[in-house]
file query-v2.txt (compact mmCIF, C-alpha atoms)
# COMPACT_ATOMS: atom_id res chain seq x y z
CA MET A 1 0.00 0.00 0.00
CA ASN A 2 1.05 3.55 -0.69
CA THR A 3 1.39 5.83 2.27
CA ALA A 4 -0.26 9.23 2.07
CA HIS A 5 3.08 11.01 2.00
CA GLN A 6 4.43 8.79 -0.79
CA THR A 7 1.37 9.69 -2.82
CA THR A 8 1.59 13.43 -2.22
CA ALA A 9 5.34 13.33 -2.98
CA PHE A 10 4.38 11.73 -6.29
CA LEU A 11 1.76 14.43 -6.95
CA ARG A 12 4.36 17.14 -6.26
CA SER A 13 6.91 15.53 -8.57
CA LEU A 14 5.11 16.15 -11.88
CA ARG A 15 7.15 18.35 -14.24
CA SER A 16 6.89 19.11 -17.94
CA VAL A 17 9.08 16.93 -20.17
CA ARG A 18 9.76 18.34 -23.64
CA ARG A 19 12.45 15.98 -24.98
CA PHE A 20 11.52 12.35 -25.39
CA SER A 21 13.29 9.05 -25.85
CA PRO A 22 12.44 6.97 -28.97
CA GLN A 23 11.23 4.16 -26.69
CA PRO A 24 7.60 3.39 -27.61
CA ILE A 25 4.85 3.58 -24.99
CA PRO A 26 3.38 0.11 -24.47
CA GLN A 27 -0.29 -0.21 -25.33
CA ASP A 28 -1.22 -1.34 -21.80
CA VAL A 29 0.39 1.81 -20.35
CA LEU A 30 -1.54 3.99 -22.77
CA LEU A 31 -4.79 2.20 -21.91
CA ASP A 32 -4.11 2.63 -18.18
CA VAL A 33 -3.64 6.38 -18.74
CA LEU A 34 -6.90 6.48 -20.71
CA GLU A 35 -8.71 4.70 -17.86
CA VAL A 36 -7.61 7.48 -15.49
CA ALA A 37 -8.82 10.03 -18.06
CA ARG A 38 -12.12 8.18 -18.20
CA TRP A 39 -12.65 8.39 -14.43
CA THR A 40 -11.87 12.09 -14.16
CA GLY A 41 -14.58 14.06 -12.39
CA SER A 42 -16.41 16.88 -14.13
CA SER A 43 -19.12 19.41 -13.41
CA LYS A 44 -22.33 17.43 -12.68
CA ASN A 45 -20.52 14.42 -14.18
CA THR A 46 -21.22 15.77 -17.66
CA GLN A 47 -17.93 14.29 -18.97
CA PRO A 48 -17.82 17.11 -21.54
CA TRP A 49 -14.91 15.59 -23.43
CA HIS A 50 -13.51 13.17 -25.95
CA VAL A 51 -9.86 12.34 -26.53
CA ILE A 52 -7.92 11.44 -29.66
CA VAL A 53 -4.80 9.33 -29.32
CA VAL A 54 -2.27 10.23 -32.01
CA ARG A 55 0.78 8.05 -32.70
CA GLU A 56 1.35 8.52 -36.44
CA ARG A 57 4.56 10.48 -36.88
CA GLU A 58 3.27 12.66 -39.67
CA THR A 59 0.25 13.74 -37.64
CA LEU A 60 2.43 14.51 -34.60
CA THR A 61 4.76 16.57 -36.77
CA ARG A 62 1.88 18.57 -38.21
CA LEU A 63 0.26 19.06 -34.77
CA ALA A 64 3.58 20.46 -33.54
CA THR A 65 3.13 23.39 -35.94
CA CYS A 66 -0.33 24.21 -34.56
CA GLY A 67 0.86 26.20 -31.55
CA PRO A 68 3.72 28.62 -30.93
CA PHE A 69 5.13 26.45 -28.12
CA ALA A 70 3.89 23.06 -29.35
CA GLY A 71 7.13 21.94 -31.03
CA HIS A 72 7.65 19.19 -28.45
CA LEU A 73 4.80 17.22 -30.06
CA ALA A 74 7.04 16.42 -33.04
CA GLY A 75 9.34 14.32 -30.85
CA ALA A 76 6.68 12.68 -28.71
CA GLN A 77 5.79 8.99 -28.96
CA ALA A 78 2.10 9.84 -28.69
CA ALA A 79 -0.26 12.72 -28.09
CA ILE A 80 -3.52 12.72 -26.23
CA VAL A 81 -5.63 15.48 -27.76
CA LEU A 82 -8.44 16.87 -25.60
CA VAL A 83 -11.63 17.55 -27.56
CA MET A 84 -14.11 19.40 -25.39
CA GLU A 85 -17.87 19.47 -25.88
CA ASP A 86 -17.69 23.18 -26.65
CA ALA A 87 -15.44 26.19 -26.04
CA HIS A 88 -16.58 26.76 -22.44
CA ARG A 89 -15.18 23.78 -20.55
CA SER A 90 -11.72 24.98 -19.60
CA PHE A 91 -12.02 24.15 -15.90
CA ASP A 92 -12.98 20.53 -16.55
CA GLU A 93 -10.37 20.42 -19.33
CA GLY A 94 -7.71 21.38 -16.78
CA ARG A 95 -8.86 18.60 -14.45
CA LEU A 96 -8.64 16.09 -17.30
CA ALA A 97 -5.21 17.31 -18.40
CA GLN A 98 -3.85 17.04 -14.85
CA ASN A 99 -5.15 13.48 -14.50
CA VAL A 100 -3.69 12.41 -17.85
CA MET A 101 -0.29 13.85 -16.97
CA LEU A 102 -0.25 12.28 -13.50
CA ALA A 103 -1.33 8.89 -14.84
CA ALA A 104 1.44 8.93 -17.46
CA TRP A 105 3.98 10.04 -14.87
CA ALA A 106 2.96 7.13 -12.62
CA HIS A 107 4.36 4.92 -15.41
CA GLY A 108 7.48 7.08 -15.82
CA VAL A 109 6.09 8.62 -19.01
CA GLY A 110 6.72 12.35 -19.30
CA THR A 111 4.19 14.83 -20.66
CA CYS A 112 3.97 18.40 -21.81
CA ILE A 113 0.92 20.47 -22.64
CA GLY A 114 0.83 21.80 -26.18
CA SER A 115 -1.61 24.69 -26.44
CA LEU A 116 -3.14 25.02 -29.91
CA TYR A 117 -3.59 28.70 -30.75
CA PRO A 118 -4.22 31.25 -32.15
CA GLU A 119 -7.44 30.64 -34.06
CA ALA A 120 -5.82 29.82 -37.42
CA ASN A 121 -3.71 27.09 -35.79
CA THR A 122 -6.71 25.67 -33.97
CA ALA A 123 -8.63 25.53 -37.24
CA ARG A 124 -5.76 23.64 -38.90
CA ALA A 125 -5.58 21.16 -36.03
CA MET A 126 -9.34 20.58 -36.15
CA GLU A 127 -9.17 19.90 -39.88
CA LEU A 128 -6.15 17.62 -39.46
CA LEU A 129 -7.96 15.52 -36.83
CA ASP A 130 -11.48 15.68 -38.35
CA VAL A 131 -12.84 17.41 -35.23
CA PRO A 132 -16.38 18.79 -35.72
CA ALA A 133 -16.49 22.60 -35.79
CA LYS A 134 -18.67 23.06 -32.68
CA ARG A 135 -16.22 21.22 -30.39
CA GLY A 136 -13.56 22.99 -28.34
CA LEU A 137 -9.95 22.10 -29.19
CA HIS A 138 -7.12 23.79 -27.30
CA THR A 139 -4.83 21.15 -25.88
CA ALA A 140 -2.63 18.33 -27.18
CA ILE A 141 -0.58 16.58 -24.51
CA SER A 142 2.78 15.10 -25.59
CA LEU A 143 3.72 11.73 -24.11
CA GLY A 144 7.03 9.92 -24.06
CA TYR A 145 9.71 8.58 -21.78
CA PRO A 146 12.15 11.38 -20.88
CA ALA A 147 15.15 11.56 -23.25
CA ASP A 148 17.60 11.67 -20.34
CA ASP A 149 17.91 12.89 -16.77
CA GLN A 150 18.10 16.50 -17.88
CA ALA A 151 14.88 16.30 -19.89
CA LEU A 152 13.02 17.14 -16.71
CA ARG A 153 14.82 20.44 -16.42
CA LEU A 154 15.61 21.60 -19.95
CA SER A 155 13.66 23.08 -22.79
CA ALA A 156 12.95 21.30 -26.09
CA ASN A 157 16.27 22.71 -27.26
CA PRO A 158 18.94 20.58 -25.54
CA ALA A 159 21.40 23.47 -25.78
CA GLY A 160 19.39 25.81 -23.63
CA LEU A 161 17.90 25.90 -20.19
CA THR A 162 14.21 26.60 -20.31
CA SER A 163 13.45 30.30 -20.20
CA VAL A 164 10.64 29.69 -17.77
CA PRO A 165 11.53 29.69 -14.07
CA ILE A 166 10.98 26.18 -12.75
CA GLY A 167 10.53 26.86 -9.04
CA ARG A 168 7.41 27.88 -7.20
CA ASP A 169 6.38 30.69 -4.89
CA ASP A 170 6.67 30.07 -1.15
CA LEU A 171 3.71 28.72 0.77
CA SER A 172 3.40 32.08 2.55
CA THR A 173 2.93 33.77 -0.85
CA LEU A 174 0.41 31.19 -2.04
CA VAL A 175 -1.80 30.93 1.03
CA SER A 176 -4.01 33.24 3.09
CA TRP A 177 -5.92 32.12 6.17
CA GLU A 178 -9.64 32.90 6.61
CA ARG A 179 -9.44 36.14 4.59
CA PHE A 180 -7.46 37.20 1.51
CA GLY A 181 -4.10 38.65 2.56
CA ARG A 182 -4.24 37.33 6.12
CA SER A 183 -1.18 35.31 7.09
CA GLY A 184 -1.20 32.99 10.01
CA ALA A 185 -1.33 29.33 10.72
CA SER A 186 0.84 28.17 7.82
CA SER A 187 4.11 28.12 9.73
CA MET B 1 7.62 2.36 -3.32
CA ASN B 2 4.32 2.69 -5.11
CA THR B 3 3.81 0.65 -8.21
CA ALA B 4 2.46 2.42 -11.28
CA HIS B 5 -0.82 0.53 -11.11
CA GLN B 6 -1.33 1.31 -7.42
CA THR B 7 -0.90 4.96 -8.27
CA THR B 8 -3.27 4.97 -11.23
CA ALA B 9 -5.83 3.01 -9.18
CA PHE B 10 -5.56 5.81 -6.62
CA LEU B 11 -6.03 8.47 -9.33
CA ARG B 12 -9.14 6.66 -10.58
CA SER B 13 -10.60 6.38 -7.09
CA LEU B 14 -11.30 10.09 -6.51
CA ARG B 15 -15.01 10.79 -5.97
CA SER B 16 -16.90 13.79 -4.62
CA VAL B 17 -17.73 13.64 -0.93
CA ARG B 18 -20.56 15.92 0.20
CA ARG B 19 -21.20 14.73 3.79
CA PHE B 20 -18.39 15.07 6.26
CA SER B 21 -17.47 13.71 9.68
CA PRO B 22 -16.88 16.21 12.52
CA GLN B 23 -13.29 14.92 12.82
CA PRO B 24 -10.93 17.88 12.35
CA ILE B 25 -8.26 17.83 9.65
CA PRO B 26 -4.81 17.88 11.29
CA GLN B 27 -2.70 20.90 10.44
CA ASP B 28 0.10 18.77 8.97
CA VAL B 29 -2.38 17.14 6.57
CA LEU B 30 -3.65 20.54 5.48
CA LEU B 31 -0.11 21.78 4.94
CA ASP B 32 0.75 18.69 2.90
CA VAL B 33 -2.27 19.37 0.67
CA LEU B 34 -1.15 22.99 0.28
CA GLU B 35 2.35 21.84 -0.73
CA VAL B 36 0.81 19.83 -3.56
CA ALA B 37 -1.22 22.91 -4.55
CA ARG B 38 1.99 24.93 -4.51
CA TRP B 39 3.77 22.56 -6.93
CA THR B 40 0.92 22.41 -9.44
CA GLY B 41 2.02 23.24 -12.98
CA SER B 42 0.55 26.20 -14.84
CA SER B 43 0.85 27.87 -18.21
CA LYS B 44 4.44 29.15 -18.52
CA ASN B 45 4.71 28.57 -14.75
CA THR B 46 2.78 31.79 -14.14
CA GLN B 47 1.20 30.32 -10.97
CA PRO B 48 -1.83 32.54 -11.59
CA TRP B 49 -3.42 31.75 -8.26
CA HIS B 50 -3.70 32.27 -4.54
CA VAL B 51 -5.65 30.15 -2.08
CA ILE B 52 -7.56 30.98 1.08
CA VAL B 53 -7.95 28.32 3.75
CA VAL B 54 -11.23 28.76 5.61
CA ARG B 55 -11.96 26.89 8.85
CA GLU B 56 -14.19 29.30 10.76
CA ARG B 57 -17.65 27.78 10.90
CA GLU B 58 -19.49 31.03 10.30
CA THR B 59 -17.48 31.73 7.15
CA LEU B 60 -18.06 28.19 5.85
CA THR B 61 -21.78 28.53 6.50
CA ARG B 62 -21.94 31.82 4.62
CA LEU B 63 -19.85 30.48 1.73
CA ALA B 64 -22.31 27.59 1.43
CA THR B 65 -24.98 30.11 0.41
CA CYS B 66 -22.82 31.54 -2.41
CA GLY B 67 -23.60 28.85 -4.97
CA PRO B 68 -26.74 26.89 -5.89
CA PHE B 69 -24.98 23.55 -5.23
CA ALA B 70 -22.46 24.74 -2.62
CA GLY B 71 -24.42 23.61 0.46
CA HIS B 72 -21.83 20.96 1.30
CA LEU B 73 -19.43 23.73 2.41
CA ALA B 74 -21.54 24.27 5.54
CA GLY B 75 -20.63 20.82 6.86
CA ALA B 76 -16.99 20.78 5.78
CA GLN B 77 -14.10 20.97 8.24
CA ALA B 78 -12.28 23.36 5.94
CA ALA B 79 -12.51 24.94 2.52
CA ILE B 80 -9.71 25.76 0.13
CA VAL B 81 -10.88 28.71 -1.93
CA LEU B 82 -9.16 29.24 -5.28
CA VAL B 83 -8.46 32.89 -6.06
CA MET B 84 -7.26 33.26 -9.63
CA GLU B 85 -5.19 36.15 -10.97
CA ASP B 86 -8.08 37.17 -13.22
CA ALA B 87 -11.22 35.70 -14.77
CA HIS B 88 -9.40 33.90 -17.65
CA ARG B 89 -7.50 31.13 -15.90
CA SER B 90 -10.03 28.32 -15.82
CA PHE B 91 -7.73 25.69 -17.36
CA ASP B 92 -5.01 26.25 -14.76
CA GLU B 93 -7.72 26.50 -12.09
CA GLY B 94 -8.92 23.03 -13.08
CA ARG B 95 -5.39 21.64 -12.77
CA LEU B 96 -5.05 23.20 -9.30
CA ALA B 97 -8.44 21.90 -8.15
CA GLN B 98 -7.61 18.36 -9.30
CA ASN B 99 -4.29 18.41 -7.45
CA VAL B 100 -5.89 19.72 -4.24
CA MET B 101 -8.58 17.03 -4.35
CA LEU B 102 -6.10 14.23 -5.06
CA ALA B 103 -3.73 15.40 -2.31
CA ALA B 104 -6.55 15.46 0.22
CA TRP B 105 -7.78 12.06 -0.90
CA ALA B 106 -4.27 10.65 -0.44
CA HIS B 107 -4.84 11.40 3.26
CA GLY B 108 -8.38 9.96 3.22
CA VAL B 109 -9.88 13.46 3.24
CA GLY B 110 -12.87 13.84 0.95
CA THR B 111 -13.54 16.90 -1.17
CA CYS B 112 -16.26 18.46 -3.25
CA ILE B 113 -16.10 21.41 -5.59
CA GLY B 114 -18.42 24.25 -4.69
CA SER B 115 -18.95 26.54 -7.68
CA LEU B 116 -19.66 30.13 -6.67
CA TYR B 117 -22.19 31.64 -9.10
CA PRO B 118 -24.08 33.47 -10.47
CA GLU B 119 -22.49 36.91 -10.34
CA ALA B 120 -24.35 38.16 -7.26
CA ASN B 121 -23.15 35.12 -5.27
CA THR B 122 -19.58 35.57 -6.47
CA ALA B 123 -19.69 39.20 -5.40
CA ARG B 124 -20.91 38.21 -1.92
CA ALA B 125 -18.15 35.60 -1.59
CA MET B 126 -15.51 38.11 -2.67
CA GLU B 127 -16.71 40.60 -0.10
CA LEU B 128 -16.88 37.94 2.62
CA LEU B 129 -13.27 36.88 1.98
CA ASP B 130 -11.83 40.38 1.20
CA VAL B 131 -10.85 39.28 -2.32
CA PRO B 132 -9.77 42.20 -4.55
CA ALA B 133 -12.28 42.93 -7.33
CA LYS B 134 -9.95 42.19 -10.26
CA ARG B 135 -9.27 38.61 -9.15
CA GLY B 136 -11.23 35.61 -10.41
CA LEU B 137 -13.22 33.71 -7.80
CA HIS B 138 -15.31 30.70 -8.86
CA THR B 139 -14.36 27.71 -6.75
CA ALA B 140 -14.39 26.74 -3.08
CA ILE B 141 -13.37 23.16 -2.38
CA SER B 142 -14.91 21.48 0.70
CA LEU B 143 -12.62 19.25 2.75
CA GLY B 144 -13.45 16.72 5.43
CA TYR B 145 -13.25 13.05 6.30
CA PRO B 146 -16.25 11.22 4.80
CA ALA B 147 -19.20 10.98 7.20
CA ASP B 148 -19.56 7.24 6.57
CA ASP B 149 -19.08 4.63 3.88
CA GLN B 150 -22.07 5.88 1.95
CA ALA B 151 -20.78 9.47 1.82
CA LEU B 152 -18.87 8.53 -1.31
CA ARG B 153 -22.09 7.68 -3.10
CA LEU B 154 -24.79 9.91 -1.67
CA SER B 155 -25.76 13.51 -2.04
CA ALA B 156 -25.52 16.11 0.75
CA ASN B 157 -28.99 14.99 1.74
CA PRO B 158 -28.52 11.63 3.50
CA ALA B 159 -32.06 10.63 2.58
CA GLY B 160 -31.48 10.76 -1.15
CA LEU B 161 -29.20 9.27 -3.70
CA THR B 162 -27.42 11.89 -5.72
CA SER B 163 -29.38 12.87 -8.82
CA VAL B 164 -26.19 12.86 -10.86
CA PRO B 165 -25.20 9.56 -12.49
CA ILE B 166 -21.97 8.41 -10.87
CA GLY B 167 -20.58 6.11 -13.58
CA ARG B 168 -18.57 7.03 -16.65
CA ASP B 169 -18.85 6.45 -20.38
CA ASP B 170 -17.04 3.45 -21.83
CA LEU B 171 -13.50 3.80 -23.12
CA SER B 172 -14.80 3.24 -26.66
CA THR B 173 -17.06 6.30 -26.27
CA LEU B 174 -14.29 8.43 -24.79
CA VAL B 175 -11.46 7.63 -27.18
CA SER B 176 -10.77 7.96 -30.91
CA TRP B 177 -7.54 6.81 -32.57
CA GLU B 178 -5.60 9.09 -34.93
CA ARG B 179 -8.73 10.96 -36.09
CA PHE B 180 -11.95 12.05 -34.39
CA GLY B 181 -14.53 9.27 -34.59
CA ARG B 182 -12.10 6.56 -35.63
CA SER B 183 -12.23 3.49 -33.39
CA GLY B 184 -9.45 1.01 -33.27
CA ALA B 185 -6.65 0.01 -31.04
CA SER B 186 -8.46 0.48 -27.74
CA SER B 187 -9.65 -3.08 -27.37

call {"tool": "encode", "arguments": {"input": "query-v2.txt", "output": "structure tokens"}}
result
Amino acid sequence: MNTAHQTTAFLRSLRSVRRFSPQPIPQDVLLDVLEVARWTGSSKNTQPWHVIVVRERETLTRLATCGPFAGHLAGAQAAIVLVMEDAHRSFDEGRLAQNVMLAAWAHGVGTCIGSLYPEANTARAMELLDVPAKRGLHTAISLGYPADDQALRLSANPAGLTSVPIGRDDLSTLVSWERFGRSGASS
Amino acid sequence: MNTAHQTTAFLRSLRSVRRFSPQPIPQDVLLDVLEVARWTGSSKNTQPWHVIVVRERETLTRLATCGPFAGHLAGAQAAIVLVMEDAHRSFDEGRLAQNVMLAAWAHGVGTCIGSLYPEANTARAMELLDVPAKRGLHTAISLGYPADDQALRLSANPAGLTSVPIGRDDLSTLVSWERFGRSGASS
């Protein structure tokens, strides 16, 4: 059995991985990730989503051009594309994305969110994947085993450190107690 | 160590809990949940959020009136209120909510999302918690140990089953392969 603290340490350990090994993702791992996606909670259990699993290299390469920071999709072993019921489901979409990424990471598979925008890119991605026009498409999640130990800390370009700071604000910055701006019981 | 399948079984096991035991949540459990919140990923690591921990009964009771389905907050031992940088962060808000709920559940603490709406309710909640007007406030998450074994399956009203179906669509309904609507490798 997992202890609570092992589990929360796991939850804290999720990081974006943008450079992937060529090792394929076994089908049973992919299906286990999809089962976690399936059981994700949503507003009134509406399950306002559908996912497309993409593994064909040409499709991944074309998806990678559908967002200004989506280049990592070209080197992924698979993508899980989130197709929402309509354009107004971003909160539930975030819950689904988090669950997919955590489930992959449980198997040692790294992930990175590829945001598909602006509008012209989204339209191209929808055409590429045959997504009906009324659906909401914003997110393709790259999946793959990390290329190496540094893949957890580097950008898609192996020469450069990511330009995004990778730490987090302190707990005292994140949290107020009882009222906004009130410090207190956190220490 | 956790095995991958133990971890994904845990991820799948999260359910809403709307009836809570009077057992308090220990401070170290609450802080462990907040550490998971702190390490949640966000778009370009902007961390567009702040959280307010509410434990005062009067505040919880008033919050419970700030959403048509938020009554469960009145019986919670604590609430974690998500205060977003502005009104356009719903995807990252969903990721944060999922992480908070999973971290609590790792400790056996149940959660339920309380959505604060419509506008007049949101305004009351913002005033109650001293939240600055430009921030985005939509979500207060109830926390508490489940009241009993049935609390995982029943509504806030112990007399009635929840009116929301608690199952999920089949994997074949959720997933397409390579293109929207294409079945295939899932079985």

call {"tool": "interface_residues", "arguments": {"input": "query-v2.txt", "of": "chain A", "to": "chain B", "cutoff": "6 Å", "atoms": "all atoms listed in the file", "output": "PyMOL selection string"}}
result
chain A and resi 2+4+8+12+36+39+50-54+90-92+94-95+98+103+106-107+129-131+174-180

call {"tool": "calpha_fit_and_write", "arguments": {"input": "query-v2.txt", "fixed": "chain B", "moving": "chain A", "output": "compact mmCIF listing (two decimals) with C-alpha atoms, keeping the file's coordinate frame"}}
result
# COMPACT_ATOMS: atom_id res chain seq x y z
CA MET A 1 7.58 2.28 -3.31
CA ASN A 2 4.28 2.65 -5.08
CA THR A 3 3.79 0.62 -8.21
CA ALA A 4 2.46 2.41 -11.27
CA HIS A 5 -0.81 0.52 -11.13
CA GLN A 6 -1.34 1.30 -7.43
CA THR A 7 -0.90 4.96 -8.27
CA THR A 8 -3.27 4.97 -11.23
CA ALA A 9 -5.84 3.01 -9.17
CA PHE A 10 -5.57 5.81 -6.62
CA LEU A 11 -6.02 8.46 -9.33
CA ARG A 12 -9.15 6.66 -10.59
CA SER A 13 -10.61 6.39 -7.09
CA LEU A 14 -11.30 10.10 -6.51
CA ARG A 15 -15.01 10.81 -5.98
CA SER A 16 -16.91 13.80 -4.64
CA VAL A 17 -17.74 13.63 -0.93
CA ARG A 18 -20.56 15.93 0.21
CA ARG A 19 -21.20 14.74 3.78
CA PHE A 20 -18.38 15.08 6.26
CA SER A 21 -17.47 13.72 9.66
CA PRO A 22 -16.87 16.23 12.50
CA GLN A 23 -13.29 14.93 12.81
CA PRO A 24 -10.93 17.89 12.35
CA ILE A 25 -8.26 17.84 9.64
CA PRO A 26 -4.82 17.89 11.27
CA GLN A 27 -2.70 20.91 10.43
CA ASP A 28 0.10 18.78 8.95
CA VAL A 29 -2.38 17.15 6.55
CA LEU A 30 -3.66 20.54 5.46
CA LEU A 31 -0.10 21.80 4.93
CA ASP A 32 0.76 18.69 2.89
CA VAL A 33 -2.27 19.38 0.65
CA LEU A 34 -1.15 23.00 0.28
CA GLU A 35 2.35 21.85 -0.72
CA VAL A 36 0.81 19.83 -3.57
CA ALA A 37 -1.21 22.91 -4.55
CA ARG A 38 2.00 24.92 -4.51
CA TRP A 39 3.76 22.55 -6.92
CA THR A 40 0.93 22.42 -9.44
CA GLY A 41 2.03 23.25 -12.97
CA SER A 42 0.55 26.18 -14.85
CA SER A 43 0.84 27.86 -18.22
CA LYS A 44 4.45 29.15 -18.52
CA ASN A 45 4.71 28.56 -14.75
CA THR A 46 2.78 31.78 -14.15
CA GLN A 47 1.19 30.31 -10.98
CA PRO A 48 -1.83 32.56 -11.60
CA TRP A 49 -3.41 31.76 -8.25
CA HIS A 50 -3.72 32.28 -4.53
CA VAL A 51 -5.66 30.15 -2.08
CA ILE A 52 -7.57 30.99 1.08
CA VAL A 53 -7.94 28.34 3.74
CA VAL A 54 -11.23 28.76 5.60
CA ARG A 55 -11.95 26.88 8.85
CA GLU A 56 -14.18 29.31 10.77
CA ARG A 57 -17.65 27.80 10.92
CA GLU A 58 -19.48 31.04 10.30
CA THR A 59 -17.48 31.74 7.15
CA LEU A 60 -18.07 28.19 5.86
CA THR A 61 -21.79 28.55 6.51
CA ARG A 62 -21.95 31.84 4.62
CA LEU A 63 -19.83 30.48 1.72
CA ALA A 64 -22.30 27.60 1.43
CA THR A 65 -24.98 30.11 0.40
CA CYS A 66 -22.81 31.54 -2.39
CA GLY A 67 -23.61 28.87 -4.97
CA PRO A 68 -26.73 26.89 -5.87
CA PHE A 69 -24.97 23.56 -5.22
CA ALA A 70 -22.47 24.75 -2.60
CA GLY A 71 -24.42 23.64 0.48
CA HIS A 72 -21.83 20.98 1.31
CA LEU A 73 -19.44 23.73 2.42
CA ALA A 74 -21.53 24.29 5.55
CA GLY A 75 -20.64 20.83 6.86
CA ALA A 76 -17.01 20.78 5.79
CA GLN A 77 -14.10 20.97 8.24
CA ALA A 78 -12.28 23.36 5.92
CA ALA A 79 -12.49 24.95 2.51
CA ILE A 80 -9.70 25.77 0.14
CA VAL A 81 -10.88 28.72 -1.93
CA LEU A 82 -9.16 29.24 -5.29
CA VAL A 83 -8.47 32.90 -6.07
CA MET A 84 -7.26 33.26 -9.63
CA GLU A 85 -5.19 36.13 -10.99
CA ASP A 86 -8.10 37.16 -13.20
CA ALA A 87 -11.23 35.70 -14.78
CA HIS A 88 -9.40 33.92 -17.62
CA ARG A 89 -7.49 31.14 -15.89
CA SER A 90 -10.03 28.33 -15.83
CA PHE A 91 -7.74 25.70 -17.35
CA ASP A 92 -5.01 26.24 -14.76
CA GLU A 93 -7.71 26.51 -12.08
CA GLY A 94 -8.92 23.04 -13.05
CA ARG A 95 -5.39 21.66 -12.76
CA LEU A 96 -5.04 23.20 -9.30
CA ALA A 97 -8.43 21.91 -8.15
CA GLN A 98 -7.61 18.37 -9.31
CA ASN A 99 -4.29 18.42 -7.45
CA VAL A 100 -5.88 19.72 -4.24
CA MET A 101 -8.57 17.04 -4.34
CA LEU A 102 -6.09 14.24 -5.06
CA ALA A 103 -3.73 15.40 -2.32
CA ALA A 104 -6.56 15.47 0.23
CA TRP A 105 -7.79 12.07 -0.91
CA ALA A 106 -4.28 10.64 -0.44
CA HIS A 107 -4.84 11.40 3.27
CA GLY A 108 -8.37 9.96 3.23
CA VAL A 109 -9.88 13.46 3.25
CA GLY A 110 -12.87 13.84 0.95
CA THR A 111 -13.53 16.91 -1.18
CA CYS A 112 -16.25 18.46 -3.25
CA ILE A 113 -16.10 21.42 -5.59
CA GLY A 114 -18.41 24.27 -4.68
CA SER A 115 -18.94 26.54 -7.67
CA LEU A 116 -19.67 30.15 -6.68
CA TYR A 117 -22.19 31.64 -9.09
CA PRO A 118 -24.09 33.49 -10.46
CA GLU A 119 -22.49 36.93 -10.33
CA ALA A 120 -24.35 38.17 -7.24
CA ASN A 121 -23.16 35.14 -5.24
CA THR A 122 -19.60 35.59 -6.45
CA ALA A 123 -19.69 39.23 -5.39
CA ARG A 124 -20.90 38.23 -1.91
CA ALA A 125 -18.15 35.62 -1.58
CA MET A 126 -15.50 38.12 -2.66
CA GLU A 127 -16.71 40.62 -0.08
CA LEU A 128 -16.88 37.94 2.62
CA LEU A 129 -13.26 36.90 1.97
CA ASP A 130 -11.83 40.37 1.20
CA VAL A 131 -10.84 39.28 -2.32
CA PRO A 132 -9.78 42.21 -4.55
CA ALA A 133 -12.28 42.94 -7.33
CA LYS A 134 -9.94 42.19 -10.26
CA ARG A 135 -9.26 38.60 -9.13
CA GLY A 136 -11.23 35.62 -10.42
CA LEU A 137 -13.22 33.69 -7.79
CA HIS A 138 -15.30 30.70 -8.86
CA THR A 139 -14.36 27.72 -6.75
CA ALA A 140 -14.38 26.76 -3.06
CA ILE A 141 -13.36 23.17 -2.37
CA SER A 142 -14.91 21.48 0.70
CA LEU A 143 -12.62 19.24 2.75
CA GLY A 144 -13.44 16.72 5.43
CA TYR A 145 -13.24 13.06 6.29
CA PRO A 146 -16.24 11.22 4.79
CA ALA A 147 -19.20 10.98 7.20
CA ASP A 148 -19.57 7.25 6.57
CA ASP A 149 -19.08 4.63 3.88
CA GLN A 150 -22.07 5.89 1.93
CA ALA A 151 -20.79 9.46 1.81
CA LEU A 152 -18.87 8.51 -1.30
CA ARG A 153 -22.05 7.63 -3.11
CA LEU A 154 -24.79 9.86 -1.71
CA SER A 155 -25.76 13.46 -2.07
CA ALA A 156 -25.52 16.06 0.71
CA ASN A 157 -29.00 14.93 1.71
CA PRO A 158 -28.51 11.56 3.45
CA ALA A 159 -32.05 10.55 2.51
CA GLY A 160 -31.47 10.69 -1.20
CA LEU A 161 -29.17 9.19 -3.75
CA THR A 162 -27.41 11.85 -5.75
CA SER A 163 -29.36 12.86 -8.82
CA VAL A 164 -26.20 12.86 -10.87
CA PRO A 165 -25.20 9.57 -12.50
CA ILE A 166 -21.97 8.42 -10.89
CA GLY A 167 -20.59 6.12 -13.58
CA ARG A 168 -18.58 7.02 -16.63
CA ASP A 169 -18.84 6.46 -20.36
CA ASP A 170 -17.04 3.44 -21.81
CA LEU A 171 -13.51 3.80 -23.10
CA SER A 172 -14.81 3.24 -26.65
CA THR A 173 -17.07 6.30 -26.24
CA LEU A 174 -14.30 8.44 -24.77
CA VAL A 175 -11.48 7.63 -27.17
CA SER A 176 -10.79 7.96 -30.89
CA TRP A 177 -7.57 6.81 -32.54
CA GLU A 178 -5.61 9.09 -34.91
CA ARG A 179 -8.74 10.94 -36.09
CA PHE A 180 -11.96 12.04 -34.37
CA GLY A 181 -14.56 9.27 -34.59
CA ARG A 182 -12.10 6.55 -35.61
CA SER A 183 -12.24 3.49 -33.38
CA GLY A 184 -9.46 1.01 -33.28
CA ALA A 185 -6.64 -0.01 -31.05
CA SER A 186 -8.42 0.48 -27.72
CA SER A 187 -9.61 -3.10 -27.35

call {"tool": "closest_residue", "arguments": {"input": "query-v2.txt", "among": "B:Gly75, B:Glu119, B:Gly184, B:Ala70", "to": "B:Gly144", "atoms": "all atoms listed in the file"}}
result
B:Gly75

call {"tool": "atom_distance", "arguments": {"input": "query-v2.txt", "atom1": "atom CA of A:Asp148", "atom2": "atom CA of A:Arg19"}}
result
8.2 Å

call {"tool": "axis_aligned_box", "arguments": {"input": "query-v2.txt", "around": "stretch 123-136 of chain B", "padding_each_side": "6 Å", "output": "JSON"}}
result
{"center_x": -15.1, "center_y": 39.3, "center_z": -3.9, "size_x": 23.6, "size_y": 19.3, "size_z": 25.0}
